[in-house]
Amino acid sequence: MSQPILAVLAYFSVGILALIVFLSCFEWVTKYDGWKEIGRGNLAAAMATGGKIFGICNIFRFSIEANDTIYQSILWSAIGFVLLLVAYFLFEFFTPVFRVDEEIGKDNRAVGLLSLVLSVSLSYIIGAAVI
């Protein structure tokens with residue numbers, strides 16, 4: 001885009017929309033109602049959701065830096081989101097001693113913190129890999 005302010009507004013708008021869509025997908029696959037739990041003061045749910053928000057935005061940041069057009073950025077951020085979602089399922093799968101969703105629903109803050117750290121950490125790996 002030739003006008004920097006328009007580019008900022010475009011990327012900001014698309015980023016917010018992507019965040020809403022991708023976060024809704026995360027909410028759809030979790031067994032607990034994240035926003036309801038946060039409203040009840042569930043810190044584990046707040047940490048897990050915060051990590052997802054950071055992770056999604058971080059992947060979108062990397063995709064903006066790595067691509068020339070907004071369309072490419074959207075495509076690569078969507079691919080990055082799918083990878084983050086896969087990582088979420090792997091986290092659930094590789095912790096057979098407890099169910100991540102159930103523990104977050106019960107306000108297990110240790111699991112919530114681990115979920116936050118995994119989302120943030122993996123978003124850097126995923127983000128660095130986007131073209």
# chains A, B, ... in the order shown; residues from 1 in each chain; ligands from 1

$ residues_around --residues "Val82 of chain A" --least-positions-apart "2" --cutoff "12 Å" --atoms "only C-alpha atoms" --output "count of residues only"
22

$ select_by_dssp --residues "chain A" --states "alpha helix (DSSP H)" --output "ChimeraX atom specification"
/A:4-29,34-39,43-66,70-93,100-105,109-129

$ atom_distance --atom1 "atom CA of Gly51 of chain A" --atom2 "atom CA of Phe94 of chain A"
18.7 Å
